[in-house]
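Colleague: Take a look at the following structure, please.
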Amino acid sequence: MALVVICGQPCSGKSMAALCLAEALKESGCNQTVRVIDETSFHLDRNESYANMPAEKNLRGVLRSEVDRSVSKDSIIIVDSLNSIKGYRYELWCLARAAGIRYCVLYCDADETHCRKWNEERREKGEGAYSDKIFEDLIRRFETPDRRNRWDSPLFELWPHKEGIENTTAAIVDAISYLTKKADSKSRDVKTLQPTIATQNTRFSEANSLYELDRATQEVINGIVEAQSQALGGPLNGVSVGEGLPPINISRAVGLPELRRLRRTFIKLTGQTSLSGPPPPSDADNAKRMFVDYLNRELETA
């Protein structure tokens, strides 16, 4: 029925807001299943998850995949994380649109001073806290939601340091009203996102299928480049890119620019085909096999 994205600076009260929202929804007599998806659900340490870009990207991928598996017209999913990057909030909005459900953002608007103080208090109590280096980095990179963006709208703003966080806090009450209000021709303030041809689940088996396609094709390219470098310009009888996959037949040196061009063309063609035919591959092995077949055809005729 709905996807709620909790957004805010580190230690701004997001988890408490998510808990209060979930409790208030259940108390309101909501018939939908209410579930909170957060980092602790997957036993992810906050400092390790934000230690570097690859770790942070992995964290977002894990949460996004779980959201994709969980959203439905029979549930309300609350995503409790920083959700600090507007591009990531857009990805979550796309998942809600593909599912044809409502969407909103609950923003915990707390200034840096209070967030820093709450983080220090958590550390003193022996609770999960951010290291100073990671905390300052997350504060610096935070992208404030803007209600003019469709992926940040409707936006419900909560000020934890001024009004606290309770089930009856104004922003939570407003969010519940939006999430549970019956939609009809007169309720213009309630918007259910509508799937488009690019987001319908009938055309895409999984939201991460294009991600798998991108990752798998890059691994094939890396394998070719490494094999050619080890051959020192000599002939290659066949490049193996994985167990159970056909070899890539290369009779000449293929430069990285040409490989990148072939990869871009393959991804583009696969995406176009998915709109009128079968969906793109949703696992790495199938994606690699398709790309290897494509390379063998193209390199043979080149």
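Residues are referred to by chain and number: the chain letter is A, B, ... according to the order shown in the structure tokens, the number counts from 1 in that chain, and ligands are numbered separately from 1 in the order shown.
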Enumerate, as a count of residues only, the complete set of residues in region 129-188 of chain A that a backbone-based DSSP assignment places in strand (DSSP E).
Modeller: 4
Colleague: What's around Ile101 (chain A) at 12 Å? Count only C-alpha atoms, leave out sequence neighbours fewer than 4 positions away in its own chain, and write the answer as a ChimeraX atom specification.
Modeller: /A:1-4,71-77,92-97,179,183,190-195
Colleague: Please report the interatomic distance between CA of Glu27 (chain A) and CA of Ser41 (chain A) in Å with one decimal.
Modeller: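 These two atoms are separated by 23.1 Å.
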Colleague: For Pro160 (chain A), which residue among A:Val220, A:Cys115, A:Leu138, A:Ile37 is the nearest when counting only C-alpha atoms?
Modeller: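 Nearest candidate to Pro160 (chain A) out of A:Val220, A:Cys115, A:Leu138, A:Ile37: A:Cys115.
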Colleague: Find the residues around region 8-18 of chain A up to 6 Å (only C-alpha atoms counted), leave out those fewer than 2 positions away in its own chain, and share them as a CSV table (one decimal) with N, CA, C and O atoms, in the first residue's frame.
Modeller:
chain,number,residue,atom,x,y,z
A,20,CYS,N,7.8,4.9,16.3
A,20,CYS,CA,6.6,5.6,16.6
A,20,CYS,C,5.6,5.5,15.5
A,20,CYS,O,4.4,5.3,15.7
A,21,LEU,N,6.1,5.7,14.3
A,21,LEU,CA,5.2,5.7,13.1
A,21,LEU,C,4.6,4.3,13.0
A,21,LEU,O,3.3,4.1,12.8
A,82,LEU,N,19.8,6.4,6.8
A,82,LEU,CA,20.1,7.8,6.5
A,82,LEU,C,19.3,8.3,5.3
A,82,LEU,O,18.8,9.4,5.3
A,107,TYR,N,11.0,13.4,7.3
A,107,TYR,CA,12.3,14.0,7.5
A,107,TYR,C,12.5,14.4,8.9
A,107,TYR,O,11.8,15.2,9.4
A,108,CYS,N,13.5,13.8,9.6
A,108,CYS,CA,13.9,14.2,10.9
A,108,CYS,C,14.9,15.4,10.8
A,108,CYS,O,16.1,15.2,10.6
A,110,ALA,N,17.0,17.8,12.4
A,110,ALA,CA,17.8,18.2,13.6
A,110,ALA,C,19.1,18.8,13.2
A,110,ALA,O,19.7,18.4,12.3
A,115,CYS,N,22.6,16.6,16.8
A,115,CYS,CA,23.0,15.3,16.3
A,115,CYS,C,24.4,14.8,16.9
A,115,CYS,O,24.5,13.7,17.3
A,119,ASN,N,25.0,11.7,19.4
A,119,ASN,CA,25.9,10.6,19.1
A,119,ASN,C,26.9,10.4,20.2
A,119,ASN,O,27.3,9.3,20.5
Colleague: Hey, can you check how far CA of Leu59 (chain A) sits from CA of Val173 (chain A)?
Modeller: 29.9 Å
Colleague: Leaving out Ile224 (chain A) and any residue of its chain fewer than 6 positions from it, which residues lie within 10 Å of it when counting only C-alpha atoms, given as a PDB file with C-alpha atoms, in the first residue's frame?
Modeller:
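This is the output file result-v4.pdb:
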ATOM      1  CA  GLN A 218      32.107  -5.344 -16.469  1.00  0.00           C
ATOM      2  CA  GLN A 230      49.138 -11.796 -19.505  1.00  0.00           C
ATOM      3  CA  GLY A 238      40.078 -18.493 -25.835  1.00  0.00           C
ATOM      4  CA  VAL A 239      39.356 -16.396 -22.774  1.00  0.00           C
ATOM      5  CA  SER A 240      37.497 -18.093 -19.919  1.00  0.00           C
ATOM      6  CA  VAL A 241      35.355 -15.803 -17.778  1.00  0.00           C
ATOM      7  CA  ILE A 248      35.513 -15.827 -25.737  1.00  0.00           C
ATOM      8  CA  ILE A 250      39.705 -13.536 -29.734  1.00  0.00           C
ATOM      9  CA  VAL A 254      40.996  -5.800 -28.719  1.00  0.00           C
ATOM     10  CA  GLY A 255      41.536  -2.460 -27.033  1.00  0.00           C
ATOM     11  CA  LEU A 256      39.663  -1.234 -23.974  1.00  0.00           C
ATOM     12  CA  LEU A 259      35.399  -3.364 -25.450  1.00  0.00           C
TER      13      LEU A 259
END
Colleague: For a test of reading the model, state the distance in Å between CA of Val67 (chain A) and CA of Thr33 (chain A), rounded to one decimal.
Modeller: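 These two atoms are separated by 13.9 Å.
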Colleague: For a quick check of understanding, using only C-alpha atoms, which of A:Arg289, A:Asp132, A:Cys104, A:Arg46 has the smallest distance to Ser177 (chain A)?
Modeller: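 Of A:Arg289, A:Asp132, A:Cys104, A:Arg46, the one nearest Ser177 (chain A), counting only C-alpha atoms, is A:Cys104.
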Colleague: Assign secondary structure with DSSP using the backbone only, and return the residues of region 28-273 of chain A in helix (DSSP H, G or I) as a ChimeraX atom specification.
Modeller: /A:39-42,46-49,53-70,86-99,112-124,132-141,150-152,160-163,170-180,209-231,256-273
